[in-house]
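Have a look at structure.pdb below; it lists PDB, C-alpha atoms and all ligand atoms.
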ATOM      1  CA  MET A  83       0.000   0.000   0.000
ATOM      2  CA  SER A  84       1.241   3.433  -0.861
ATOM      3  CA  PHE A  85       2.293   5.974   1.767
ATOM      4  CA  LEU A  86       0.448   8.741  -0.116
ATOM      5  CA  ARG A  87      -3.299   8.185  -0.286
ATOM      6  CA  ALA A  88      -6.356   9.991  -1.549
ATOM      7  CA  LEU A  89      -8.275  12.010   1.029
ATOM      8  CA  GLY A  90     -11.597  10.657  -0.144
ATOM      9  CA  SER A  91     -12.832  12.528  -3.208
ATOM     10  CA  THR A  92     -11.311  15.874  -2.253
ATOM     11  CA  GLY A  93      -8.525  15.659  -4.841
ATOM     12  CA  LEU A  94      -5.989  16.001  -2.011
ATOM     13  CA  GLU A  95      -3.321  13.350  -1.436
ATOM     14  CA  VAL A  96      -2.186  12.841   2.147
ATOM     15  CA  SER A  97       0.538  10.833   3.824
ATOM     16  CA  ALA A  98      -0.637   7.738   5.714
ATOM     17  CA  LEU A  99       0.735   9.379   8.872
ATOM     18  CA  GLY A 100      -0.150  12.980   9.558
ATOM     19  CA  LEU A 101       1.389  15.190  12.212
ATOM     20  CA  GLY A 102      -0.921  16.382  14.976
ATOM     21  CA  THR A 103       0.213  19.672  16.446
ATOM     22  CA  VAL A 104      -1.522  19.994  19.816
ATOM     23  CA  LYS A 105       1.856  19.660  21.534
ATOM     24  CA  LEU A 106       3.337  22.556  19.543
ATOM     25  CA  GLY A 107       0.949  24.966  21.183
ATOM     26  CA  ARG A 108      -0.774  23.667  24.271
ATOM     27  CA  ASN A 109       0.316  21.822  27.394
ATOM     28  CA  GLN A 110      -2.631  22.626  29.671
ATOM     29  CA  GLY A 111      -5.758  20.493  29.937
ATOM     30  CA  VAL A 112      -4.378  17.657  27.798
ATOM     31  CA  LYS A 113      -4.473  13.917  28.449
ATOM     32  CA  TYR A 114      -0.947  12.788  27.623
ATOM     33  CA  PRO A 115       0.863  10.345  29.933
ATOM     34  CA  SER A 116       3.285  13.026  31.181
ATOM     35  CA  GLY A 117       3.654  16.792  31.271
ATOM     36  CA  PHE A 118       5.889  18.557  28.758
ATOM     37  CA  GLU A 119       7.282  21.937  27.769
ATOM     38  CA  LEU A 120       6.291  23.383  24.415
ATOM     39  CA  PRO A 121       9.207  22.993  21.980
ATOM     40  CA  ASP A 122      11.091  26.210  21.213
ATOM     41  CA  ASP A 123      11.094  27.616  17.659
ATOM     42  CA  ALA A 124      14.323  25.868  16.649
ATOM     43  CA  SER A 125      13.055  22.456  17.805
ATOM     44  CA  ALA A 126       9.623  22.978  16.236
ATOM     45  CA  THR A 127      11.206  24.028  12.926
ATOM     46  CA  ALA A 128      13.503  20.986  12.974
ATOM     47  CA  LEU A 129      10.502  18.742  13.701
ATOM     48  CA  LEU A 130       8.563  20.165  10.733
ATOM     49  CA  GLU A 131      11.578  19.804   8.445
ATOM     50  CA  LEU A 132      12.067  16.228   9.587
ATOM     51  CA  ALA A 133       8.391  15.494   8.970
ATOM     52  CA  ALA A 134       8.745  16.785   5.401
ATOM     53  CA  ASP A 135      11.975  14.817   4.865
ATOM     54  CA  VAL A 136      10.405  11.509   5.921
ATOM     55  CA  GLY A 137       7.364  12.033   3.681
ATOM     56  CA  ILE A 138       4.691  13.514   5.951
ATOM     57  CA  ASN A 139       2.652  16.161   4.142
ATOM     58  CA  LEU A 140      -0.390  16.414   6.425
ATOM     59  CA  LEU A 141      -0.564  18.820   9.358
ATOM     60  CA  ASP A 142      -3.532  18.996  11.691
ATOM     61  CA  THR A 143      -4.061  22.015  13.904
ATOM     62  CA  ALA A 144      -6.921  23.903  15.571
ATOM     63  CA  PRO A 145      -7.685  27.217  17.279
ATOM     64  CA  ALA A 146      -8.148  25.157  20.453
ATOM     65  CA  TYR A 147      -4.514  23.996  20.342
ATOM     66  CA  GLY A 148      -3.156  27.096  22.094
ATOM     67  CA  SER A 149      -0.480  28.799  19.992
ATOM     68  CA  SER A 150      -0.257  25.930  17.442
ATOM     69  CA  GLU A 151      -1.758  27.828  14.493
ATOM     70  CA  GLU A 152       0.315  30.954  15.102
ATOM     71  CA  ARG A 153       3.503  28.960  15.485
ATOM     72  CA  LEU A 154       2.872  26.990  12.300
ATOM     73  CA  GLY A 155       2.194  30.252  10.471
ATOM     74  CA  LYS A 156       5.497  31.619  11.662
ATOM     75  CA  LEU A 157       7.599  28.478  11.180
ATOM     76  CA  LEU A 158       6.217  26.678   8.112
ATOM     77  CA  ARG A 159       8.131  27.058   4.893
ATOM     78  CA  LYS A 160       6.914  26.036   1.441
ATOM     79  CA  ARG A 161       3.194  26.263   2.211
ATOM     80  CA  GLU A 162       2.275  24.497  -1.031
ATOM     81  CA  ARG A 163       4.000  21.240  -0.042
ATOM     82  CA  TRP A 164       1.668  20.789   2.952
ATOM     83  CA  VAL A 165      -1.917  19.669   3.268
ATOM     84  CA  LEU A 166      -2.845  22.013   6.075
ATOM     85  CA  GLY A 167      -6.009  21.510   8.079
ATOM     86  CA  SER A 168      -7.556  23.356  10.995
ATOM     87  CA  LYS A 169     -10.850  23.321  12.865
ATOM     88  CA  CYS A 170     -13.589  25.623  14.071
ATOM     89  CA  GLY A 171     -16.079  25.659  16.909
ATOM     90  CA  GLU A 172     -13.843  25.145  19.954
ATOM     91  CA  GLU A 173     -11.958  27.921  21.699
ATOM     92  CA  PHE A 174      -9.551  27.177  24.528
ATOM     93  CA  GLU A 175      -9.081  30.172  26.810
ATOM     94  CA  ASN A 176      -7.699  30.469  30.339
ATOM     95  CA  GLY A 177      -7.580  26.703  30.707
ATOM     96  CA  HIS A 178     -11.165  26.112  29.566
ATOM     97  CA  SER A 179     -12.925  25.158  26.343
ATOM     98  CA  ARG A 180     -15.975  26.975  25.070
ATOM     99  CA  PHE A 181     -17.863  26.148  21.910
ATOM    100  CA  ASP A 182     -19.575  28.286  19.287
ATOM    101  CA  PHE A 183     -20.972  26.777  16.083
ATOM    102  CA  SER A 184     -22.822  29.882  14.891
ATOM    103  CA  ALA A 185     -22.416  31.185  11.338
ATOM    104  CA  ALA A 186     -20.688  34.355  12.550
ATOM    105  CA  HIS A 187     -18.193  32.520  14.723
ATOM    106  CA  THR A 188     -17.489  29.894  12.043
ATOM    107  CA  ARG A 189     -16.582  32.564   9.504
ATOM    108  CA  PHE A 190     -14.613  34.580  12.072
ATOM    109  CA  SER A 191     -12.701  31.444  13.117
ATOM    110  CA  VAL A 192     -11.763  30.348   9.587
ATOM    111  CA  GLU A 193     -10.658  33.861   8.610
ATOM    112  CA  ARG A 194      -8.580  34.053  11.805
ATOM    113  CA  SER A 195      -7.000  30.648  11.019
ATOM    114  CA  LEU A 196      -5.999  31.961   7.596
ATOM    115  CA  ARG A 197      -4.347  35.003   9.207
ATOM    116  CA  ARG A 198      -2.635  32.992  11.917
ATOM    117  CA  LEU A 199      -1.404  30.378   9.482
ATOM    118  CA  ARG A 200      -0.334  33.109   7.036
ATOM    119  CA  THR A 201      -2.011  31.432   4.096
ATOM    120  CA  ASP A 202      -4.686  32.249   1.518
ATOM    121  CA  TRP A 203      -6.370  28.849   1.744
ATOM    122  CA  LEU A 204      -6.888  25.964   4.118
ATOM    123  CA  ASP A 205      -6.848  22.465   2.655
ATOM    124  CA  PHE A 206      -9.508  21.372   5.118
ATOM    125  CA  VAL A 207     -11.475  22.733   8.039
ATOM    126  CA  LEU A 208     -13.185  20.381  10.482
ATOM    127  CA  ILE A 209     -15.942  21.185  12.935
ATOM    128  CA  HIS A 210     -14.392  20.638  16.376
ATOM    129  CA  SER A 211     -17.214  18.811  18.110
ATOM    130  CA  ASP A 212     -18.152  19.325  21.747
ATOM    131  CA  GLY A 213     -19.670  15.821  21.811
ATOM    132  CA  ASN A 214     -23.118  16.771  20.479
ATOM    133  CA  ASP A 215     -22.234  15.786  16.932
ATOM    134  CA  LEU A 216     -25.758  15.376  15.557
ATOM    135  CA  ASP A 217     -27.028  18.563  17.155
ATOM    136  CA  ILE A 218     -24.221  20.580  15.621
ATOM    137  CA  LEU A 219     -24.740  19.024  12.195
ATOM    138  CA  GLU A 220     -28.527  19.312  12.198
ATOM    139  CA  ARG A 221     -29.262  22.434  14.234
ATOM    140  CA  SER A 222     -26.413  24.893  13.814
ATOM    141  CA  ASP A 223     -25.379  27.011  10.814
ATOM    142  CA  CYS A 224     -21.847  25.659  10.936
ATOM    143  CA  VAL A 225     -22.181  23.225   8.000
ATOM    144  CA  ALA A 226     -23.854  25.789   5.718
ATOM    145  CA  THR A 227     -21.205  28.383   6.587
ATOM    146  CA  LEU A 228     -18.332  25.999   5.912
ATOM    147  CA  LEU A 229     -19.841  25.036   2.566
ATOM    148  CA  ARG A 230     -20.064  28.737   1.690
ATOM    149  CA  LEU A 231     -16.410  29.264   2.676
ATOM    150  CA  LYS A 232     -15.556  26.353   0.393
ATOM    151  CA  GLU A 233     -17.475  27.941  -2.487
ATOM    152  CA  GLU A 234     -15.553  31.156  -1.842
ATOM    153  CA  GLY A 235     -12.285  29.259  -2.249
ATOM    154  CA  LEU A 236     -10.964  29.890   1.261
ATOM    155  CA  VAL A 237     -11.219  26.203   2.130
ATOM    156  CA  ARG A 238     -10.735  23.202  -0.151
ATOM    157  CA  ALA A 239     -12.544  20.540   1.868
ATOM    158  CA  VAL A 240     -14.789  20.571   4.924
ATOM    159  CA  GLY A 241     -15.461  17.963   7.545
ATOM    160  CA  MET A 242     -15.976  17.214  11.197
ATOM    161  CA  SER A 243     -13.903  15.794  14.025
ATOM    162  CA  THR A 244     -16.589  13.714  15.674
ATOM    163  CA  LYS A 245     -16.996  12.159  19.104
ATOM    164  CA  THR A 246     -19.689   9.573  18.322
ATOM    165  CA  ASP A 247     -20.177   6.839  15.737
ATOM    166  CA  ALA A 248     -23.617   8.209  14.778
ATOM    167  CA  GLY A 249     -22.142  11.684  14.394
ATOM    168  CA  GLY A 250     -19.369  10.295  12.224
ATOM    169  CA  CYS A 251     -21.963   8.659   9.935
ATOM    170  CA  ALA A 252     -23.908  11.884   9.593
ATOM    171  CA  ALA A 253     -20.740  13.895   8.973
ATOM    172  CA  ALA A 254     -19.629  11.423   6.303
ATOM    173  CA  ARG A 255     -22.957  11.862   4.525
ATOM    174  CA  LEU A 256     -22.916  15.679   4.641
ATOM    175  CA  LEU A 257     -19.249  16.615   4.351
ATOM    176  CA  ASP A 258     -15.985  15.694   2.582
ATOM    177  CA  VAL A 259     -13.936  14.432   5.516
ATOM    178  CA  VAL A 260     -14.531  12.841   8.886
ATOM    179  CA  MET A 261     -11.956  12.666  11.677
ATOM    180  CA  LEU A 262     -12.905   9.738  13.883
ATOM    181  CA  THR A 263     -11.510   7.696  16.737
ATOM    182  CA  TRP A 264     -10.047   4.243  16.157
ATOM    183  CA  ASN A 265      -8.236   2.685  19.100
ATOM    184  CA  ARG A 266      -8.564  -0.129  21.585
ATOM    185  CA  GLU A 267     -11.424   1.575  23.434
ATOM    186  CA  GLN A 268     -13.415   3.249  20.682
ATOM    187  CA  ARG A 269     -13.823   2.300  17.039
ATOM    188  CA  ASP A 270     -16.328   4.319  15.052
ATOM    189  CA  GLU A 271     -17.143   1.421  12.746
ATOM    190  CA  GLU A 272     -20.361   2.680  11.158
ATOM    191  CA  ALA A 273     -18.797   6.054  10.496
ATOM    192  CA  LEU A 274     -15.793   4.458   8.809
ATOM    193  CA  ARG A 275     -18.010   2.137   6.742
ATOM    194  CA  THR A 276     -20.244   5.028   5.650
ATOM    195  CA  ALA A 277     -17.295   7.217   4.721
ATOM    196  CA  ARG A 278     -15.678   4.368   2.790
ATOM    197  CA  GLU A 279     -18.872   3.587   0.862
ATOM    198  CA  LEU A 280     -19.396   7.252  -0.018
ATOM    199  CA  GLY A 281     -15.751   7.830  -0.936
ATOM    200  CA  LYS A 282     -15.209  10.397   1.842
ATOM    201  CA  GLY A 283     -11.867  11.160   3.473
ATOM    202  CA  VAL A 284     -11.138   9.554   6.862
ATOM    203  CA  LEU A 285      -8.603  10.902   9.338
ATOM    204  CA  VAL A 286      -8.033   8.876  12.494
ATOM    205  CA  LYS A 287      -7.299  10.618  15.795
ATOM    206  CA  LYS A 288      -6.100   9.147  19.096
ATOM    207  CA  GLY A 289      -4.896   5.972  17.382
ATOM    208  CA  LEU A 290      -2.144   5.708  20.000
ATOM    209  CA  MET A 291      -4.564   6.461  22.856
ATOM    210  CA  SER A 292      -2.813   9.818  23.265
ATOM    211  CA  GLY A 293       0.435   7.950  23.999
ATOM    212  CA  HIS A 294      -0.965   5.299  26.358
ATOM    213  CA  VAL A 295       0.506   2.412  24.398
ATOM    214  CA  GLN A 296       1.959  -0.761  25.900
ATOM    215  CA  ASP A 297       5.333  -2.376  25.343
ATOM    216  CA  SER A 298       4.043  -5.368  23.405
ATOM    217  CA  GLY A 299       0.931  -7.011  21.997
ATOM    218  CA  GLU A 300      -2.028  -5.544  20.144
ATOM    219  CA  ASN A 301      -1.913  -2.344  22.219
ATOM    220  CA  SER A 302       1.767  -1.728  21.492
ATOM    221  CA  LEU A 303       2.849   1.011  19.131
ATOM    222  CA  ARG A 304       2.999  -1.463  16.229
ATOM    223  CA  GLY A 305      -0.296  -3.119  17.164
ATOM    224  CA  SER A 306      -2.077   0.224  17.527
ATOM    225  CA  MET A 307      -0.729   1.561  14.273
ATOM    226  CA  ALA A 308      -1.452  -1.628  12.339
ATOM    227  CA  ARG A 309      -5.026  -1.613  13.684
ATOM    228  CA  VAL A 310      -5.575   1.757  12.037
ATOM    229  CA  LEU A 311      -3.529   1.435   8.863
ATOM    230  CA  HIS A 312      -4.915  -1.983   7.929
ATOM    231  CA  GLU A 313      -8.453  -0.640   8.004
ATOM    232  CA  PRO A 314      -9.741  -0.037   4.442
ATOM    233  CA  GLY A 315     -11.038   3.493   4.000
ATOM    234  CA  VAL A 316      -8.601   5.212   6.384
ATOM    235  CA  SER A 317      -6.821   8.021   4.558
ATOM    236  CA  SER A 318      -4.396   9.024   7.308
ATOM    237  CA  MET A 319      -3.637   8.440  10.969
ATOM    238  CA  ILE A 320      -2.880  11.704  12.748
ATOM    239  CA  VAL A 321      -0.225  11.146  15.395
ATOM    240  CA  GLY A 322       0.809  13.925  17.721
ATOM    241  CA  THR A 323       4.484  13.995  18.631
ATOM    242  CA  ILE A 324       7.137  16.558  19.428
ATOM    243  CA  ASN A 325       9.873  13.941  19.720
ATOM    244  CA  PRO A 326      11.919  13.665  16.486
ATOM    245  CA  ALA A 327      13.005  10.096  17.272
ATOM    246  CA  HIS A 328       9.352   9.084  17.706
ATOM    247  CA  LEU A 329       8.389  10.844  14.486
ATOM    248  CA  GLU A 330      11.040   9.030  12.496
ATOM    249  CA  ALA A 331      10.311   5.657  14.131
ATOM    250  CA  ASN A 332       6.576   6.083  13.501
ATOM    251  CA  VAL A 333       7.078   6.698   9.796
ATOM    252  CA  THR A 334       9.447   3.719   9.479
ATOM    253  CA  LEU A 335       6.928   1.545  11.284
ATOM    254  CA  ALA A 336       3.992   2.783   9.199
ATOM    255  CA  ARG A 337       5.875   2.150   5.961
ATOM    256  CA  ASP A 338       6.746  -1.358   7.173
ATOM    257  CA  ILE A 339       3.119  -2.078   8.119
ATOM    258  CA  LEU A 340       1.893  -0.818   4.748
ATOM    259  CA  ALA A 341       4.473  -2.976   2.985
ATOM    260  CA  GLY A 342       2.953  -5.982   4.754
ATOM    261  CA  GLY A 343       5.541  -6.310   7.552
TER
HETATM  262  N1  LIG A 401     -10.321  17.040  16.921
HETATM  263  C1  LIG A 401     -10.223  16.483  18.072
HETATM  264  O1  LIG A 401     -11.172  16.465  18.851
HETATM  265  C2  LIG A 401      -8.942  15.852  18.396
HETATM  266  C3  LIG A 401      -8.802  15.252  19.616
HETATM  267  C4  LIG A 401      -7.624  14.669  19.867
HETATM  268  C5  LIG A 401      -6.647  14.684  18.903
HETATM  269  N2  LIG A 401      -6.802  15.287  17.716
HETATM  270  C6  LIG A 401      -5.728  15.329  16.685
HETATM  271  O2  LIG A 401      -5.122  14.087  16.610
HETATM  272  C7  LIG A 401      -3.741  14.225  16.955
HETATM  273  C8  LIG A 401      -3.327  12.991  17.708
HETATM  274  O3  LIG A 401      -4.061  12.838  18.903
HETATM  275  P1  LIG A 401      -3.357  12.812  20.310
HETATM  276  O4  LIG A 401      -2.178  13.747  20.281
HETATM  277  O5  LIG A 401      -4.397  13.002  21.349
HETATM  278  O6  LIG A 401      -2.977  11.328  20.458
HETATM  279  P2  LIG A 401      -2.012  10.238  19.796
HETATM  280  O7  LIG A 401      -1.490  10.634  18.471
HETATM  281  O8  LIG A 401      -2.775   8.987  19.949
HETATM  282  O9  LIG A 401      -0.810  10.205  20.831
HETATM  283  C9  LIG A 401       0.125  11.240  20.927
HETATM  284  C10 LIG A 401       1.048  10.878  22.056
HETATM  285  O10 LIG A 401       1.753   9.704  21.687
HETATM  286  C11 LIG A 401       3.108   9.870  21.954
HETATM  287  N3  LIG A 401       3.862   9.160  20.927
HETATM  288  C12 LIG A 401       3.868   9.379  19.596
HETATM  289  N4  LIG A 401       4.719   8.535  18.986
HETATM  290  C13 LIG A 401       5.260   7.753  19.949
HETATM  291  C14 LIG A 401       6.223   6.717  19.943
HETATM  292  N5  LIG A 401       6.818   6.300  18.815
HETATM  293  N6  LIG A 401       6.554   6.144  21.139
HETATM  294  C15 LIG A 401       5.963   6.552  22.286
HETATM  295  N7  LIG A 401       5.053   7.552  22.358
HETATM  296  C16 LIG A 401       4.709   8.142  21.197
HETATM  297  C17 LIG A 401       3.373  11.354  21.890
HETATM  298  O11 LIG A 401       4.422  11.697  22.768
HETATM  299  P3  LIG A 401       5.825  12.323  22.206
HETATM  300  O12 LIG A 401       5.553  13.741  21.895
HETATM  301  O13 LIG A 401       6.745  12.093  23.344
HETATM  302  O14 LIG A 401       6.187  11.498  20.985
HETATM  303  C18 LIG A 401       2.057  11.942  22.378
HETATM  304  O15 LIG A 401       2.093  12.155  23.758
HETATM  305  C19 LIG A 401      -3.652  15.508  17.761
HETATM  306  O16 LIG A 401      -2.359  16.083  17.762
HETATM  307  C20 LIG A 401      -4.647  16.334  17.026
HETATM  308  O17 LIG A 401      -4.052  16.864  15.859
HETATM  309  C21 LIG A 401      -7.946  15.866  17.460
END

Would you give me this structure, written as structure tokens?
Amino acid sequence: MSFLRALGSTGLEVSALGLGTVKLGRNQGVKYPSGFELPDDASATALLELAADVGINLLDTAPAYGSSEERLGKLLRKRERWVLGSKCGEEFENGHSRFDFSAAHTRFSVERSLRRLRTDWLDFVLIHSDGNDLDILERSDCVATLLRLKEEGLVRAVGMSTKTDAGGCAAARLLDVVMLTWNREQRDEEALRTARELGKGVLVKKGLMSGHVQDSGENSLRGSMARVLHEPGVSSMIVGTINPAHLEANVTLARDILAGG
């Protein structure tokens, strides 16, 4: 299996491993196994250059990831080589999340992401769910606003990072991309099946249980990664790391898994 794969029918090609960038911008209110300092600019730049060198082209960020968007805007070179995605709907301020899926906030958020990321377009924007996936999809103006932003050319593809299997199904029907959970505790099977059948893009989050992997067996790093990458319909597994050795090892492992190892 190839390392570069179609993101559904969006026309975008993404690496089988994407880089999640929570840890570039936020170290409060996160569920990682241990605390950490945000990497300085030199380390973050080296991490991004390493990611490019080993074949990663997909970066996932969000307004709720602290300074992640601003730092990427400042540090990223060669914008056109990246598939750059952000989110809308969640704001993280003073240690707390608040959510706003209104039309006005959706437009404000996407335009702010463009400014922060210093780019004229976003490859994808995902609705950052608060857990009420169906409510957001059916009762807010967020979907309609994102579709308008897509028509205006500010965004190439739109989707949702969902919290529930039913929400993932609905998002796959309405939008281009769904970001769903696939790990030892939660597998959004209906959502993945629906997205696959409709030819929609699938990004997997928390595939490594936010770093809570075991030394061996099916919940090891290899087992967790294989569980995701062997699943037909998955476009890319988004793994968050700020450790260059982990980044390199993850790509080697993913390539080996995809080659049938
Ligand atoms: N939209 C949403 O609601 C949502 C929610 C969660 C996540 N996400 C996205 O998905 C991305 C990934 O999720 P996540 O960060 O929660 O979880 P994850 O990718 O499952 O796990 C990340 C953790 O795994 C560790 N790790 C990575 N490679 C490793 C290796 N080779 N050996 C040991 N540990 C390793 C990282 O630590 P080191 O830094 O030490 O490598 C980090 O603490 C996020 O960055 C974000 O972009 C989105």

Contacts with ligand LIG 401 (chain A) at most 7 Å, all atoms listed in the file counted, listed as number ranges by chain: A: 101-105, 114-115, 142-143, 210-211, 243-244, 287-294, 303, 320-325, 328-329, 331-332

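With all atoms listed in the file as the basis for measurement, A:Ala308 is the residue among A:Ala308, A:Ala277, A:Ala253, A:Leu120 that approaches A:Gly342 most closely.
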
Residues returned when the PyMOL selection byres (((chain A and resi 309-316) around 8) and not hetatm) runs on this file, as a list in words: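 Residues picked by the PyMOL selection byres (((chain A and resi 309-316) around 8) and not hetatm): Ala98, Trp264, Asn265, Leu274, Arg275, Ala277, Arg278, Gly283, Val284, Leu285, Val286, Gly289, Gly305, Ser306, Met307, Ala308, Ser317, Ser318, Met319, Ala336, Ile339 and Leu340 of chain A.
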
Once the PyMOL selection byres (((chain A and resi 84) around 10) and not hetatm) has been applied to the shown file, what residues remain in the selection, as a compact mmCIF listing (two decimals) with C-alpha atoms, in the coordinates of the input?
# COMPACT_ATOMS: atom_id res chain seq x y z
CA MET A 83 0.00 0.00 0.00
CA PHE A 85 2.29 5.97 1.77
CA LEU A 86 0.45 8.74 -0.12
CA ARG A 87 -3.30 8.18 -0.29
CA SER A 97 0.54 10.83 3.82
CA ALA A 98 -0.64 7.74 5.71
CA ARG A 337 5.88 2.15 5.96
CA LEU A 340 1.89 -0.82 4.75
CA ALA A 341 4.47 -2.98 2.98

Residues returned when the PyMOL selection byres (((chain A and resi 145) around 8) and not hetatm) runs on this file, as a list in words: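 Applied to this file, the PyMOL selection byres (((chain A and resi 145) around 8) and not hetatm) returns Thr143, Ala144, Ala146, Tyr147, Gly148, Ser149, Ser150, Glu151, Ser168, Lys169, Cys170, Glu172, Glu173, Phe174, Ser191 and Ser195 of chain A.
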
Spatial sel., origin (-26.9, 12.6, 1.1), limit 12 Å, all atoms listed in the file, listed as a PyMOL selection string: chain A and resi 251-258+276-277+280+282

Generate the coordinates of N, CA, C and O atoms for stretch 275-290 of chain A; report them as a PDB file, in the coordinates of the input.
ATOM      1  N   ARG A 275     -17.369   2.864   7.850  1.00  0.00           N
ATOM      2  CA  ARG A 275     -18.010   2.137   6.742  1.00  0.00           C
ATOM      3  C   ARG A 275     -18.752   3.120   5.818  1.00  0.00           C
ATOM      4  O   ARG A 275     -18.638   3.067   4.600  1.00  0.00           O
ATOM      5  N   THR A 276     -19.488   4.042   6.443  1.00  0.00           N
ATOM      6  CA  THR A 276     -20.244   5.028   5.650  1.00  0.00           C
ATOM      7  C   THR A 276     -19.293   5.888   4.815  1.00  0.00           C
ATOM      8  O   THR A 276     -19.518   6.096   3.613  1.00  0.00           O
ATOM      9  N   ALA A 277     -18.244   6.357   5.449  1.00  0.00           N
ATOM     10  CA  ALA A 277     -17.295   7.217   4.721  1.00  0.00           C
ATOM     11  C   ALA A 277     -16.664   6.436   3.566  1.00  0.00           C
ATOM     12  O   ALA A 277     -16.529   6.966   2.448  1.00  0.00           O
ATOM     13  N   ARG A 278     -16.306   5.192   3.840  1.00  0.00           N
ATOM     14  CA  ARG A 278     -15.678   4.368   2.790  1.00  0.00           C
ATOM     15  C   ARG A 278     -16.640   4.184   1.614  1.00  0.00           C
ATOM     16  O   ARG A 278     -16.268   4.370   0.463  1.00  0.00           O
ATOM     17  N   GLU A 279     -17.892   3.844   1.933  1.00  0.00           N
ATOM     18  CA  GLU A 279     -18.872   3.587   0.862  1.00  0.00           C
ATOM     19  C   GLU A 279     -19.145   4.848   0.029  1.00  0.00           C
ATOM     20  O   GLU A 279     -19.391   4.758  -1.160  1.00  0.00           O
ATOM     21  N   LEU A 280     -19.097   6.004   0.697  1.00  0.00           N
ATOM     22  CA  LEU A 280     -19.396   7.252  -0.018  1.00  0.00           C
ATOM     23  C   LEU A 280     -18.142   7.905  -0.607  1.00  0.00           C
ATOM     24  O   LEU A 280     -18.220   8.981  -1.195  1.00  0.00           O
ATOM     25  N   GLY A 281     -16.990   7.273  -0.391  1.00  0.00           N
ATOM     26  CA  GLY A 281     -15.751   7.830  -0.936  1.00  0.00           C
ATOM     27  C   GLY A 281     -15.315   9.103  -0.228  1.00  0.00           C
ATOM     28  O   GLY A 281     -14.719   9.992  -0.838  1.00  0.00           O
ATOM     29  N   LYS A 282     -15.608   9.207   1.084  1.00  0.00           N
ATOM     30  CA  LYS A 282     -15.209  10.397   1.842  1.00  0.00           C
ATOM     31  C   LYS A 282     -13.848  10.176   2.524  1.00  0.00           C
ATOM     32  O   LYS A 282     -13.458   9.020   2.788  1.00  0.00           O
ATOM     33  N   GLY A 283     -13.167  11.250   2.814  1.00  0.00           N
ATOM     34  CA  GLY A 283     -11.867  11.160   3.473  1.00  0.00           C
ATOM     35  C   GLY A 283     -12.018  10.777   4.942  1.00  0.00           C
ATOM     36  O   GLY A 283     -12.964  11.219   5.608  1.00  0.00           O
ATOM     37  N   VAL A 284     -11.105   9.950   5.442  1.00  0.00           N
ATOM     38  CA  VAL A 284     -11.138   9.554   6.862  1.00  0.00           C
ATOM     39  C   VAL A 284      -9.776   9.817   7.500  1.00  0.00           C
ATOM     40  O   VAL A 284      -8.755   9.275   7.064  1.00  0.00           O
ATOM     41  N   LEU A 285      -9.790  10.657   8.526  1.00  0.00           N
ATOM     42  CA  LEU A 285      -8.603  10.902   9.338  1.00  0.00           C
ATOM     43  C   LEU A 285      -8.844  10.261  10.695  1.00  0.00           C
ATOM     44  O   LEU A 285      -9.923  10.436  11.267  1.00  0.00           O
ATOM     45  N   VAL A 286      -7.863   9.518  11.192  1.00  0.00           N
ATOM     46  CA  VAL A 286      -8.033   8.876  12.494  1.00  0.00           C
ATOM     47  C   VAL A 286      -7.256   9.658  13.549  1.00  0.00           C
ATOM     48  O   VAL A 286      -6.098  10.000  13.360  1.00  0.00           O
ATOM     49  N   LYS A 287      -7.946   9.955  14.649  1.00  0.00           N
ATOM     50  CA  LYS A 287      -7.299  10.618  15.795  1.00  0.00           C
ATOM     51  C   LYS A 287      -7.180   9.627  16.953  1.00  0.00           C
ATOM     52  O   LYS A 287      -7.919   8.637  17.004  1.00  0.00           O
ATOM     53  N   LYS A 288      -6.276   9.921  17.859  1.00  0.00           N
ATOM     54  CA  LYS A 288      -6.100   9.147  19.096  1.00  0.00           C
ATOM     55  C   LYS A 288      -5.823   7.666  18.842  1.00  0.00           C
ATOM     56  O   LYS A 288      -6.170   6.820  19.667  1.00  0.00           O
ATOM     57  N   GLY A 289      -5.211   7.367  17.708  1.00  0.00           N
ATOM     58  CA  GLY A 289      -4.896   5.972  17.382  1.00  0.00           C
ATOM     59  C   GLY A 289      -3.911   5.365  18.366  1.00  0.00           C
ATOM     60  O   GLY A 289      -3.881   4.151  18.563  1.00  0.00           O
ATOM     61  N   LEU A 290      -3.102   6.202  18.990  1.00  0.00           N
ATOM     62  CA  LEU A 290      -2.144   5.708  20.000  1.00  0.00           C
ATOM     63  C   LEU A 290      -2.662   5.988  21.409  1.00  0.00           C
ATOM     64  O   LEU A 290      -1.872   6.015  22.356  1.00  0.00           O
TER      65      LEU A 290
END
